[in-house]
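Chemist: Below is data-v8.cif; it holds mmCIF, C-alpha atoms.
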```cif
data_my_file
loop_
_atom_site.label_atom_id
_atom_site.label_comp_id
_atom_site.auth_asym_id
_atom_site.auth_seq_id
_atom_site.Cartn_x
_atom_site.Cartn_y
_atom_site.Cartn_z
CA MET A 1 102.17 92.74 78.89
CA PHE A 2 104.49 90.25 77.19
CA VAL A 3 102.54 90.05 73.90
CA LEU A 4 100.99 93.48 73.31
CA VAL A 5 103.74 95.16 75.40
CA LEU A 6 101.23 97.47 77.07
CA GLY A 7 101.10 98.70 80.68
CA LEU A 8 104.85 98.66 81.35
CA CYS A 9 104.93 101.80 83.51
CA PRO A 10 103.38 100.21 86.61
CA VAL A 11 105.43 97.08 85.96
CA LEU A 12 108.62 98.91 86.84
CA GLY A 13 107.25 100.96 89.73
CA VAL A 14 104.78 98.66 91.48
CA SER A 15 106.35 95.23 91.13
CA THR A 16 108.54 95.60 94.21
CA GLN A 17 106.15 93.59 96.36
CA VAL A 18 103.57 90.93 95.56
CA SER A 19 100.88 92.70 97.60
CA ASN A 20 101.42 95.93 95.62
CA ALA A 21 101.11 94.00 92.36
CA ILE A 22 97.84 92.42 93.49
CA GLY A 23 96.48 95.80 94.63
CA MET A 24 97.42 97.48 91.34
CA SER A 25 95.91 94.57 89.38
CA ALA A 26 92.63 94.97 91.27
CA GLY A 27 92.59 98.68 90.42
CA VAL A 28 93.30 98.02 86.74
CA LEU A 29 90.59 95.31 86.63
CA PHE A 30 87.98 97.68 88.04
CA VAL A 31 88.90 100.55 85.72
CA LEU A 32 89.29 98.38 82.60
CA LEU A 33 86.04 96.48 83.21
CA PHE A 34 83.86 99.53 83.77
CA SER A 35 85.54 101.66 81.12
CA ASN A 36 84.98 98.87 78.58
CA ILE A 37 81.33 98.52 79.64
CA ILE A 38 80.63 102.26 79.47
CA ILE A 39 82.51 102.85 76.23
CA SER A 40 80.93 99.82 74.56
CA ALA A 41 77.46 100.93 75.71
CA LEU A 42 78.08 104.41 74.30
CA ARG A 43 79.89 103.33 71.14
CA LYS A 44 76.99 104.31 68.87
CA VAL A 45 76.48 107.63 70.68
CA ILE A 46 80.05 108.96 70.76
CA PRO A 47 81.13 110.23 67.31
CA ALA A 48 84.53 109.10 66.03
CA SER A 49 85.92 112.64 65.99
CA ILE A 50 85.49 113.12 69.76
CA HIS A 51 86.00 109.61 71.04
CA ILE A 52 89.45 110.25 72.52
CA PRO A 53 88.42 113.11 74.88
CA ALA A 54 85.24 111.23 75.76
CA TYR A 55 87.17 108.06 76.63
CA ILE A 56 89.72 110.01 78.65
CA VAL A 57 86.96 111.65 80.73
CA VAL A 58 85.39 108.28 81.45
CA ILE A 59 88.69 106.58 82.28
CA ALA A 60 89.95 109.46 84.44
CA SER A 61 86.67 109.50 86.38
CA LEU A 62 86.84 105.76 87.00
CA VAL A 63 90.44 106.03 88.19
CA THR A 64 89.52 108.87 90.55
CA ILE A 65 86.64 106.81 91.94
CA THR A 66 89.04 103.87 92.42
CA GLU A 67 91.48 106.17 94.18
CA MET A 68 88.84 107.55 96.56
CA VAL A 69 87.46 104.10 97.37
CA MET A 70 90.94 102.64 98.00
CA HIS A 71 91.91 105.64 100.14
CA ALA A 72 88.81 105.17 102.27
CA PHE A 73 88.59 101.38 102.56
CA VAL A 74 92.04 99.95 101.80
CA PRO A 75 94.42 102.72 102.96
CA SER A 76 97.44 100.42 103.18
CA VAL A 77 97.20 99.50 99.49
CA TYR A 78 96.44 103.14 98.60
CA SER A 79 99.55 104.26 100.44
CA ALA A 80 101.71 101.55 98.87
CA LEU A 81 100.60 102.31 95.31
CA GLY A 82 101.14 106.05 95.77
CA VAL A 83 101.43 108.00 92.53
CA TYR A 84 101.06 104.84 90.39
CA LEU A 85 97.33 104.70 91.17
CA PRO A 86 96.40 107.90 89.33
CA LEU A 87 98.84 106.83 86.60
CA ILE A 88 96.34 104.10 85.64
CA VAL A 89 94.68 106.88 83.61
CA VAL A 90 97.60 106.84 81.17
CA ASN A 91 98.06 103.09 81.29
CA CYS A 92 98.06 102.07 77.64
CA ILE A 93 96.01 98.96 78.35
CA ILE A 94 92.96 100.99 79.35
CA LEU A 95 92.83 103.42 76.43
CA GLY A 96 94.24 100.82 74.04
CA ARG A 97 91.49 98.28 74.69
CA ALA A 98 88.82 101.00 74.71
CA GLU A 99 89.96 102.15 71.29
CA ALA A 100 90.76 98.75 69.76
CA PHE A 101 87.94 96.62 71.17
CA ALA A 102 85.25 98.20 73.34
CA SER A 103 84.42 100.90 70.80
CA LYS A 104 83.73 98.24 68.15
CA ASN A 105 82.14 95.34 70.02
CA SER A 106 79.18 94.52 72.20
CA VAL A 107 79.06 95.08 75.96
CA PHE A 108 79.27 91.37 76.74
CA ASP A 109 82.31 90.85 74.48
CA SER A 110 83.93 93.96 75.98
CA ILE A 111 83.41 92.57 79.49
CA LEU A 112 85.13 89.34 78.49
CA ASP A 113 87.97 91.28 76.86
CA ALA A 114 88.43 93.40 80.00
CA ILE A 115 88.48 90.36 82.28
CA GLY A 116 90.91 88.54 80.01
CA MET A 117 93.25 91.51 79.71
CA SER A 118 93.11 92.22 83.45
CA VAL A 119 93.79 88.63 84.41
CA GLY A 120 96.74 88.54 82.00
CA PHE A 121 98.06 91.83 83.39
CA ALA A 122 97.61 90.57 86.96
CA LEU A 123 99.41 87.32 86.28
CA GLY A 124 102.27 89.06 84.48
CA LEU A 125 102.66 91.77 87.11
CA THR A 126 102.43 89.31 90.00
CA LEU A 127 104.99 87.01 88.37
CA ILE A 128 107.46 89.88 87.97
CA ALA A 129 106.79 91.05 91.55
CA LEU A 130 107.26 87.52 92.88
CA ILE A 131 110.64 87.13 91.16
CA ARG A 132 111.83 90.62 92.11
CA GLU A 133 110.80 90.35 95.73
CA LEU A 134 112.09 86.79 96.15
CA PHE A 135 115.53 87.50 94.71
CA GLY A 136 115.76 91.15 95.78
CA SER A 137 114.58 90.89 99.39
CA GLY A 138 114.13 87.19 100.09
CA THR A 139 110.52 87.73 101.14
CA ILE A 140 107.00 87.39 99.76
CA THR A 141 104.70 90.13 101.03
CA LEU A 142 100.98 89.40 101.05
CA PHE A 143 98.10 91.03 102.93
CA PRO A 144 98.01 90.70 106.74
CA MET A 145 95.19 88.45 107.95
CA GLY A 146 94.53 87.61 111.57
CA ASN A 147 97.76 86.47 113.17
CA PHE A 148 99.56 86.39 109.82
CA GLY A 149 101.64 89.54 109.49
CA GLY A 150 101.73 89.35 105.71
CA VAL A 151 105.46 88.81 105.16
CA ILE A 152 106.93 85.38 104.41
CA ASN A 153 110.70 85.11 104.77
CA ILE A 154 112.19 82.57 102.37
CA PRO A 155 115.25 80.83 103.83
CA TRP A 156 118.56 81.34 102.02
CA PHE A 157 117.08 84.05 99.74
CA TYR A 158 116.46 86.24 102.81
CA ASP A 159 120.10 85.91 103.86
CA ASN A 160 121.49 86.37 100.33
CA PRO A 161 119.45 89.06 98.58
CA ILE A 162 120.42 90.33 95.13
CA ARG A 163 119.68 93.99 95.77
CA VAL A 164 119.63 95.04 92.11
CA MET A 165 116.47 92.98 91.66
CA ALA A 166 114.61 95.27 94.06
CA LEU A 167 115.69 98.36 92.10
CA ALA A 168 114.58 99.69 88.69
CA PRO A 169 117.34 97.92 86.69
CA GLY A 170 116.15 94.62 88.14
CA ALA A 171 112.62 95.28 86.90
CA LEU A 172 113.90 95.91 83.39
CA LEU A 173 116.07 92.78 83.50
CA ILE A 174 113.22 90.55 84.64
CA MET A 175 110.86 92.11 82.11
CA GLY A 176 113.36 91.51 79.31
CA TYR A 177 114.09 87.90 80.23
CA LEU A 178 110.42 87.02 80.65
CA LYS A 179 109.57 88.65 77.30
CA ALA A 180 112.34 86.66 75.68
CA PHE A 181 111.07 83.46 77.28
CA PHE A 182 107.48 84.00 76.10
CA ASP A 183 108.63 84.92 72.58
CA TRP A 184 110.77 81.76 72.45
CA ASN A 185 107.88 79.66 73.73
CA THR A 186 105.54 81.14 71.11
CA SER A 187 107.98 80.62 68.24
CA ARG A 188 108.63 77.05 69.41
CA LYS A 189 104.89 76.27 69.25
CA LYS A 190 104.67 77.81 65.76
CA ASP A 191 107.60 75.66 64.54
CA LYS A 192 105.78 72.54 65.75
CA MET B 1 77.84 124.47 63.43
CA THR B 2 75.02 122.08 64.27
CA LYS B 3 77.49 119.18 64.22
CA ASN B 4 79.86 120.98 66.61
CA LEU B 5 76.95 121.83 68.89
CA LYS B 6 75.89 118.19 68.91
CA TYR B 7 79.44 117.05 69.73
CA GLY B 8 79.65 119.66 72.49
CA LEU B 9 76.37 118.49 74.00
CA ILE B 10 77.50 114.85 73.92
CA LEU B 11 80.77 115.71 75.69
CA LEU B 12 78.87 117.91 78.15
CA SER B 13 76.51 115.05 78.98
CA ILE B 14 79.39 112.61 79.53
CA CYS B 15 81.21 115.14 81.75
CA ALA B 16 78.02 115.82 83.72
CA VAL B 17 77.39 112.14 84.44
CA CYS B 18 81.05 111.62 85.41
CA ALA B 19 80.95 114.66 87.69
CA PHE B 20 77.83 113.30 89.39
CA ALA B 21 79.46 109.89 89.91
CA LEU B 22 82.56 111.55 91.37
CA ALA B 23 80.50 113.74 93.69
CA LEU B 24 78.52 110.74 94.90
CA THR B 25 81.69 108.72 95.59
CA ASN B 26 83.26 111.69 97.35
CA SER B 27 80.24 112.12 99.60
CA ILE B 28 80.60 108.49 100.71
CA THR B 29 84.38 108.32 101.07
CA ALA B 30 85.26 111.81 102.37
CA PRO B 31 83.97 111.23 105.95
CA VAL B 32 85.82 107.89 106.14
CA ILE B 33 89.05 109.48 104.88
CA LYS B 34 88.68 112.37 107.32
CA MET B 35 88.25 109.94 110.22
CA GLN B 36 91.36 108.03 109.13
CA ASP B 37 93.38 111.25 108.90
CA GLU B 38 92.33 112.17 112.45
CA VAL B 39 93.34 108.74 113.76
CA ASN B 40 96.68 108.93 111.92
CA GLN B 41 97.33 112.39 113.26
CA LYS B 42 96.55 111.30 116.81
CA ARG B 43 98.92 108.33 116.42
CA ALA B 44 101.62 110.59 115.03
CA LEU B 45 101.26 113.04 117.94
CA GLU B 46 101.57 110.20 120.42
CA ALA B 47 104.63 108.87 118.58
CA VAL B 48 106.49 112.19 118.70
CA SER B 49 105.36 113.38 122.15
CA ASN B 50 108.35 111.77 123.93
CA GLY B 51 106.03 110.50 126.67
CA TRP B 52 104.94 114.01 127.66
CA THR B 53 101.35 115.12 127.95
CA ILE B 54 99.90 116.60 124.79
CA GLY B 55 98.47 120.05 125.50
CA THR B 56 96.36 122.48 123.52
CA ARG B 57 96.77 123.22 119.85
CA ASN B 58 97.58 126.75 118.70
CA GLU B 59 97.10 127.65 115.05
CA VAL B 60 99.91 129.65 113.43
CA SER B 61 99.53 131.95 110.45
CA GLY B 62 101.99 133.93 108.38
CA GLN B 63 104.73 131.29 108.53
CA ALA B 64 106.21 129.53 105.51
CA TYR B 65 106.46 126.08 107.11
CA VAL B 66 104.79 126.12 110.56
CA THR B 67 101.04 125.59 110.63
CA TYR B 68 100.33 124.92 114.31
CA THR B 69 102.02 124.18 117.61
CA ILE B 70 101.00 122.00 120.52
CA ASP B 71 102.68 122.35 123.89
CA LEU B 72 104.06 119.22 125.53
CA LEU B 73 103.69 119.19 129.30
CA ASP B 74 105.82 117.45 131.85
CA ASN B 75 104.21 117.79 135.29
CA SER B 76 102.18 120.83 134.18
CA SER B 77 105.20 122.73 132.92
CA VAL B 78 106.02 123.14 129.24
CA ALA B 79 108.84 120.74 128.37
CA GLY B 80 108.64 121.01 124.61
CA TYR B 81 106.45 121.55 121.57
CA VAL B 82 104.98 119.58 118.73
CA VAL B 83 105.05 121.63 115.56
CA GLY B 84 102.86 120.94 112.56
CA LEU B 85 104.86 121.58 109.39
CA SER B 86 103.91 121.95 105.75
CA THR B 87 106.43 121.85 102.92
CA SER B 88 106.64 121.13 99.21
CA GLY B 89 108.35 117.96 98.02
CA TYR B 90 108.87 116.35 94.62
CA GLY B 91 105.23 115.26 94.25
CA GLY B 92 103.62 118.28 95.89
CA GLN B 93 102.65 119.26 99.40
CA MET B 94 103.92 117.25 102.35
CA THR B 95 102.79 117.61 105.96
CA LEU B 96 104.69 116.36 108.97
CA VAL B 97 104.79 116.73 112.73
CA ALA B 98 108.01 117.23 114.67
CA SER B 99 108.62 117.54 118.38
CA TYR B 100 111.25 119.79 119.94
CA THR B 101 112.50 120.59 123.40
CA SER B 102 111.72 124.12 124.59
CA LYS B 103 115.23 125.07 123.42
CA GLY B 104 114.53 123.96 119.87
CA GLU B 105 116.31 120.60 119.81
CA MET B 106 114.49 118.20 117.51
CA LEU B 107 113.32 115.00 119.18
CA PHE B 108 111.08 113.05 116.81
CA ALA B 109 109.37 113.64 113.51
CA GLN B 110 106.84 111.80 111.42
CA LEU B 111 105.65 112.31 107.88
CA LEU B 112 101.88 112.53 107.65
CA THR B 113 100.71 113.22 104.09
CA HIS B 114 102.68 113.33 100.85
CA SER B 115 102.67 112.36 97.18
CA GLU B 116 106.28 111.25 96.84
CA THR B 117 107.39 108.54 94.45
CA PRO B 118 107.35 104.96 95.82
CA GLY B 119 110.88 103.67 96.25
CA LEU B 120 112.40 107.16 96.25
CA GLY B 121 110.93 110.04 98.24
CA LYS B 122 108.38 107.70 99.82
CA LYS B 123 111.24 106.21 101.86
CA ALA B 124 110.80 109.22 104.14
CA GLU B 125 107.87 107.32 105.68
CA GLN B 126 110.10 104.52 106.91
CA ALA B 127 111.13 104.17 110.51
CA GLY B 128 114.59 105.60 111.04
CA TYR B 129 114.51 108.15 108.22
CA MET B 130 113.92 111.06 110.62
CA ASP B 131 116.77 109.91 112.89
CA LYS B 132 119.07 112.01 110.68
CA PHE B 133 117.63 115.13 112.31
CA LYS B 134 117.35 113.85 115.88
CA GLY B 135 119.23 115.99 118.36
CA SER B 136 119.83 118.83 115.91
CA GLY B 137 118.57 122.38 116.17
CA THR B 138 120.68 123.71 119.06
CA ASP B 139 124.43 122.96 119.21
CA LYS B 140 124.19 120.85 116.06
CA ALA B 141 122.58 122.52 113.05
CA VAL B 142 119.70 120.78 111.31
CA PRO B 143 121.24 119.10 108.22
CA THR B 144 119.61 120.70 105.19
CA THR B 145 122.02 119.43 102.52
CA LYS B 146 123.45 115.99 101.80
CA THR B 147 126.97 117.25 102.55
CA MET B 148 125.92 117.78 106.16
CA LEU B 149 124.99 114.10 106.53
CA SER B 150 127.13 111.07 107.24
CA ASP B 151 128.09 108.91 104.24
CA ALA B 152 125.50 106.28 105.13
CA ASP B 153 122.72 108.85 105.56
CA ALA B 154 123.71 110.65 102.36
CA GLN B 155 123.55 107.33 100.51
CA ALA B 156 120.10 106.65 101.98
CA VAL B 157 118.67 109.90 100.59
CA SER B 158 120.39 109.52 97.23
CA GLY B 159 117.83 109.81 94.43
CA SER B 160 115.37 111.72 96.61
CA SER B 161 117.25 114.92 97.37
CA VAL B 162 114.20 117.10 96.76
CA THR B 163 112.19 115.21 99.37
CA PHE B 164 115.05 115.29 101.87
CA THR B 165 115.69 119.02 101.39
CA ALA B 166 112.01 119.86 101.77
CA ILE B 167 111.72 117.88 105.02
CA ALA B 168 115.02 119.28 106.33
CA LYS B 169 114.02 122.88 105.70
CA ALA B 170 110.68 122.33 107.40
CA ILE B 171 112.32 120.76 110.47
CA ALA B 172 114.89 123.58 110.60
CA ALA B 173 112.08 126.15 110.38
CA GLY B 174 110.23 124.37 113.19
CA SER B 175 113.34 124.50 115.36
CA GLU B 176 113.80 128.23 114.73
CA TYR B 177 110.14 128.88 115.50
CA VAL B 178 110.37 127.06 118.82
CA LYS B 179 113.52 128.96 119.74
CA ASN B 180 111.73 132.25 119.04
CA LEU B 181 108.78 131.24 121.20
CA GLY B 182 110.83 131.99 124.27
CA GLY B 183 108.13 130.66 126.54
CA ALA B 184 105.49 132.94 125.01
CA LEU B 185 102.91 130.09 124.86
#
```
Output the file's structure in the form of structure tokens.

Modeler:
Amino acid sequence: MFVLVLGLCPVLGVSTQVSNAIGMSAGVLFVLLFSNIIISALRKVIPASIHIPAYIVVIASLVTITEMVMHAFVPSVYSALGVYLPLIVVNCIILGRAEAFASKNSVFDSILDAIGMSVGFALGLTLIALIRELFGSGTITLFPMGNFGGVINIPWFYDNPIRVMALAPGALLIMGYLKAFFDWNTSRKKDK
Amino acid sequence: MTKNLKYGLILLSICAVCAFALALTNSITAPVIKMQDEVNQKRALEAVSNGWTIGTRNEVSGQAYVTYTIDLLDNSSVAGYVVGLSTSGYGGQMTLVASYTSKGEMLFAQLLTHSETPGLGKKAEQAGYMDKFKGSGTDKAVPTTKTMLSDADAQAVSGSSVTFTAIAKAIAAGSEYVKNLGGAL
């Protein structure tokens, strides 16, 4: 997200709560992992001239399966993600990694690539959601478990929210500052 | 020609396998989703029933917004109606239930299914959103435009006017339908 600058659409829309970010990350992991496996397994079967429509069919089917499974078994996450769940189909990470890596490497390497990319996406998305929710609402929303309702109110932040952080401009600001920080960190390491 | 045929067969095979996988997943998840929808609908009916007894459901056809009505009974007499409404929002079809007195005054409403954008039209799910329409339908018209709302309410629906207008028109249509019932049920 901060290096390849892929997958920014859900970053803006889903990073309002930590639980939404985790749910979206799980969906992306499932789709990316299985699309990489299938596309890598079929890389010698699918001709280059039709690989884009073939990949899209596979990815769209996996996203629809994810949608149906979430709707049935995790309806709260399904409801929270809303239209951003089917938008995983056009998430650049999925098609980008299929095209750039899975179509040219073995199944095992593609699995590792998918896991690595998904973990990076999850960490980036969760970090942005954590900052936005903390400063924008003063809470951290996780998944309810037992007696735990799922929402943690952070003192002082809860009483003094910076509302813009919970809105779209806040997402862009956080994204920009984090990108700048990672670029600075990378260039600092190169200078050393 | 042979090459195109080969490509077509490869794509056909991929589509066929994907279609099978989707059908299999649907066969497993569809009953679970249907059960959830029934539970959600039952909860929604109880939430809007105003403490009255929920009566029998009557399907409605030929109406733009109203899909069914359910009479609400207070000591065996009809005190009001729950109306099932269907409308079209920003993301597609929305369904909601709204309860009215027998004179058409709106009491409660709840959004059931929709595809509205999170953070914008999806706010219509939140508690308090439907309070804008509470008490309207008789002396007070159902607000169907932002200019008919208070400043605070107009601000709350800012950025999701399409969703608000769709819900408002459905609730207004429900009120008119109840008024025209005239005790016919």

Chemist: Applied to the shown file, which residues does the PyMOL selection byres ((chain B and resi 83) around 6) return, written as a list of chain:residue names?

Modeler: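 So the PyMOL selection byres ((chain B and resi 83) around 6), applied here, picks out B:Tyr68, B:Thr69, B:Val82, B:Gly84, B:Val97, B:Ala98.
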
Chemist: Taking the file as shown, what set of residues would the PyMOL selection byres ((chain A) within 10 of (chain B)) give back, as a ChimeraX atom specification?

Modeler: /A:13-14,16,42,45-47,49-51,53-55,57-62,64-66,68-73,75,79-84,166-168

Chemist: Could you write out the selected residues, including C-alpha atoms, as a compact mmCIF listing (two decimals), in the frame of the given file?

Modeler:
```
# COMPACT_ATOMS: atom_id res chain seq x y z
CA GLY A 13 107.25 100.96 89.73
CA VAL A 14 104.78 98.66 91.48
CA THR A 16 108.54 95.60 94.21
CA LEU A 42 78.08 104.41 74.30
CA VAL A 45 76.48 107.63 70.68
CA ILE A 46 80.05 108.96 70.76
CA PRO A 47 81.13 110.23 67.31
CA SER A 49 85.92 112.64 65.99
CA ILE A 50 85.49 113.12 69.76
CA HIS A 51 86.00 109.61 71.04
CA PRO A 53 88.42 113.11 74.88
CA ALA A 54 85.24 111.23 75.76
CA TYR A 55 87.17 108.06 76.63
CA VAL A 57 86.96 111.65 80.73
CA VAL A 58 85.39 108.28 81.45
CA ILE A 59 88.69 106.58 82.28
CA ALA A 60 89.95 109.46 84.44
CA SER A 61 86.67 109.50 86.38
CA LEU A 62 86.84 105.76 87.00
CA THR A 64 89.52 108.87 90.55
CA ILE A 65 86.64 106.81 91.94
CA THR A 66 89.04 103.87 92.42
CA MET A 68 88.84 107.55 96.56
CA VAL A 69 87.46 104.10 97.37
CA MET A 70 90.94 102.64 98.00
CA HIS A 71 91.91 105.64 100.14
CA ALA A 72 88.81 105.17 102.27
CA PHE A 73 88.59 101.38 102.56
CA PRO A 75 94.42 102.72 102.96
CA SER A 79 99.55 104.26 100.44
CA ALA A 80 101.71 101.55 98.87
CA LEU A 81 100.60 102.31 95.31
CA GLY A 82 101.14 106.05 95.77
CA VAL A 83 101.43 108.00 92.53
CA TYR A 84 101.06 104.84 90.39
CA ALA A 166 114.61 95.27 94.06
CA LEU A 167 115.69 98.36 92.10
CA ALA A 168 114.58 99.69 88.69
```

Chemist: Quick one: pull the distance between atom CA of B:Leu85 and atom CA of B:Ala127, Å, one decimal.

Modeler: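 According to the coordinates, atom CA of B:Leu85 and atom CA of B:Ala127 are separated by 18.5 Å.
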
Chemist: Taking the file as shown, what set of residues would the PyMOL selection byres ((chain B and resi 165) around 9) give back, as a PyMOL selection string?

Modeler: chain B and resi 89+143-146+160-164+166-170

Chemist: Atom CA of A:Val119 and atom CA of A:Arg188, how far apart in Å?

Modeler: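 It comes out at 24.1 Å.
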
Chemist: Show me, as a count of residues only, the residues that have an atom within 6 Å of stretch 49-65 of chain B when counting only C-alpha atoms, minus same-chain residues fewer than 6 positions from it.

Modeler: 8
